[in-house]
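Structure first, then comments.
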There are 2 protein chains.
Amino acid sequence: MLRFRILARDGDARRGLIETAHGSLETPGFFAVATRAALKGLDTESARRAGVQALICNSYHLAVQPGPELVAAAGGLHRFMGWPGVLATDSGGFQVFSLQHGQVADELKGRRRLPPIEDPLAAVRVDEEGAVFRSWLDGSMHRFTPENNMELQRALGADLVFCLDECTPFHVPRQYTEAATERNLRWARRCLEAFSGGAQALFGIVHGGVYPDLRRRSAAGIAELGFDGFGIGDCLGETKLDWYGVVDLVRPLLPDDRPRHLLGVGEPDDLVEGALRGIDTFDCAMPTRLARHGQALHMGRPRFRIDLARSARRGEDGPLEEGCDCHTCARFSRAYLAHLLRAREALSVPLLAEHNLRFTARLLERVREAISAGRLRDLRTEVLAAA
Amino acid sequence: MLRFRILARDGDARRGLIETAHGSLETPGFFAVATRAALKGLDTESARRAGVQALICNSYHLAVQPGPELVAAAGGLHRFMGWPGVLATDSGGFQVFSLQHGQVADELKGRRRLPPIEDPLAAVRVDEEGAVFRSWLDGSMHRFTPENNMELQRALGADLVFCLDECTPFHVPRQYTEAATERNLRWARRCLEAFSGGAQALFGIVHGGVYPDLRRRSAAGIAELGFDGFGIGDCLGETKLDWYGVVDLVRPLLPDDRPRHLLGVGEPDDLVEGALRGIDTFDCAMPTRLARHGQALHMGRPRFRIDLARSARRGEDGPLEEGCDCHTCARFSRAYLAHLLRAREALSVPLLAEHNLRFTARLLERVREAISAGRLRDLRTEVLAAA
């Protein structure tokens, strides 16, 4: 069950509302990443207080630990993890294949170049049927097929689920990406057939790497199958300009009345650039990951980040960011947070995570208001100038 | 400023109320340990919700990092750490001397025997004036004297502060403990002279190790000096029976109308045994330390602890403890908490810490009610039978 209403438009951008069996999500909106049924160090209540509207967990991790039976016996993922709101699960395809590529996440986002690898999937066996992979936990073998992945995600019980897909890294030959893109289309059809619907909604994922013709073919094929919504995934290129291009190319091929999710992207500038290009939802581990590394988001240089451990911040008595209405800024000074980091007190993590998620939520509030006011381009200018 | 009222008595036990410049503390009561101005992984708001009435920080740690000037500039420790309630600081004497003895904390609580050491303080220079020690952080030398320690604790600004003292380990010769006990008395007098009063209250500390005559001499001397309250510190022996004996010996020598604090003790049975012997307040890192080790307190075997990582707990869907009204038990199952531990999710720490602090607070609520009802001995029987 998913209802999507568009409330306002500004060029290609739209402001909307996604309604699910567990409440609604204003768009452009954000899924905070709770891979193993927990935000890193942060209670779901604090996330809610920070304005987090939706979470996304990972089927792959939860399949291995604690296993879908236990989650189902606990009444499903919402109840298990204490999150009554909108919840998604990723299929785990990305993670299965990541396992075999080391830092494939960096690859996908183009953070470095590696020489082409002849057989990138030598360690994961993938065939038409699905993929076999080894548990990182105990070495046991697991098989993912489109059919059992839909069953897995049904047992977990999230509101939004994604099709099983193979995510190709940047360094593979074009013919590899082409074959994977075609197979992903066939898997998407099988997911749709195996999907039982009910309270859940199913998102197809557009593949094709950095190849315009493959992207077009994938988008057209996925669109034709007809899903509740559409993810834009696979390798998004080397630079941010690459994904801007991918989204601009894919957007016109997807049905206008369905939500579009950009997978794994969500830095502050990305949220504005994505919204401008018609993206409705994002997910990204960055706000919570930065918190673990002692960094706070702010509307400033460098790259929207404050590195709290820098000694320059030591004596500063103000909040992380003037004007921030988060629960951390309301109560604690930069000086205290810098002290926690230096003293290696674990409390720094939830306090920074809550601020970073609030920062992200507030920026998206501004994006939605700008769309309603027809001035999202002005907001982009303002945001990009800040950092 | 400290006001202590006794509201009810049951044998040597008493129920009372300590009033400070930052609110009041019902006694028998508990100081949760926030050594470096933070409970390990737990927000002060969550602690308040769990019924924590008071915190204790460590002057030694805060003197080195972030330094008293920074805390004072931030408006004092209460504001710095976001804790509006009753707050104490320990002098740091214990920690200074611990540095030189390795696991002296184990020694003090008699967890193991070590051969006598000829000069246990070779690495910390201690003389009549005070103690010189090396910062663990950068190797810089620091000096603690009774006078500058009172100044340090005034800059930090807690409601209750403790005299600077040398804490002797279990394995030193009697003559060492005797000399330290005498010097501690002289330091206590100097603390009292240097103490500026105002909103703060000063507690003297009874020493004398496991030697009854030294304990009596110390208690009489400290009592005669006249403090706002009295700590029972120094080496408390090898077994719990030893500290029962120390408290029973010291209690009659201390003024009845002043609060008595037992330093560093606070397991569930200790709270009942201490209250029975006239102890008014406790401090102990155990509830938060157990949380970091994946253990939850409960009214049961073994030793009031649940080891959540044990696989037997894996599929259990109930709360940590039936009937517990803590925020963790209200929302999460044992199965979820066990999952967090197995997945090494940091969220397990605050969730278990809040439960453990709530368990401690609830037990003390029962202790206070039992005193009012004149049945603290029955409660002891009940609590000891449970574990």
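In the structure tokens, each chain is lettered A, B, ... as it comes, each chain's residues begin at 1, and ligands are numbered from 1 in order of appearance.
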
Chain B residues near chain A (9 Å cut-off, only C-alpha atoms) as a PyMOL selection string: chain B and resi 36-43+65-66+70-71+73-74+79-82+314-317+331-333+335-336+339-340+342-343+345-351

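For segment 155-368 of chain B, the set of residues given strand (DSSP E or B) by DSSP on the backbone reads Leu160, Val161, Phe162, Ala201, Leu202, Phe203, Gly204, Ile205, Val206, Gly229, Phe230, Gly231, Ile232, Arg260, His261, Leu262, Thr281, Phe282, Asp283, Cys284, Gln295, Ala296, Leu297, Arg305, Ile306 and Asp307 of chain B.
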
Nearest residue to Val367 of chain B from the set B:Leu320, B:Leu156, B:Ala13, B:Ile6 (distances using only C-alpha atoms): B:Ala13

Shell of 12 Å around Glu182 of chain A, only C-alpha atoms, local chain residues under 5 positions omitted, as a PyMOL selection string: chain A and resi 128+165-166+175-177+187-189+206-209+214-222

Shell around segment 19-27 of chain B at 12 Å using only C-alpha atoms, local window under 5 positions removed, as a PyMOL selection string: chain B and resi 1-9+13-14+51-55+77-79+83-88+157-161+197-202+228+258-261+271+274-275+278-282+361+363-369+371-372

Selection near Val96 of chain A, 8 Å with only C-alpha atoms, sequence-local residues under 5 positions removed, as a PyMOL selection string: chain A and resi 60+124+133

Length of the atom CA of Asp213 of chain A to atom CA of Gly264 of chain A vector [Å]: 22.6 Å

Long-range neighbours of Cys235 of chain B as an mmCIF file with C-alpha atoms, in the first residue's frame, 6 Å cut-off, only C-alpha atoms, 4 positions minimum in chain:
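part-v6.cif, freshly written:
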data_model
loop_
_atom_site.group_PDB
_atom_site.id
_atom_site.type_symbol
_atom_site.label_atom_id
_atom_site.label_comp_id
_atom_site.auth_asym_id
_atom_site.auth_seq_id
_atom_site.Cartn_x
_atom_site.Cartn_y
_atom_site.Cartn_z
ATOM 1 C CA LEU B 108 40.402 -1.567 47.560
ATOM 2 C CA THR B 168 45.571 3.279 50.522
ATOM 3 C CA PRO B 169 45.411 -0.079 48.772
ATOM 4 C CA PHE B 170 44.907 -3.374 50.545
ATOM 5 C CA GLY B 209 41.875 0.818 55.970
#

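Taking only C-alpha atoms into account, Leu308 of chain B lies nearest to B:Glu321 out of the set B:Asp90, B:Asp10, B:Glu321, B:Glu267.
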
Pick from B:Arg251, B:Arg49, B:Arg362, B:Arg301 nearest to Thr328 of chain B, counting only C-alpha atoms: B:Arg49

Contacts of Ser91 of chain B within 6 Å, only C-alpha atoms, excl. fewer than 3 positions in-chain, as a list in words: Ser59, Phe162, Cys163 and Leu164 of chain B
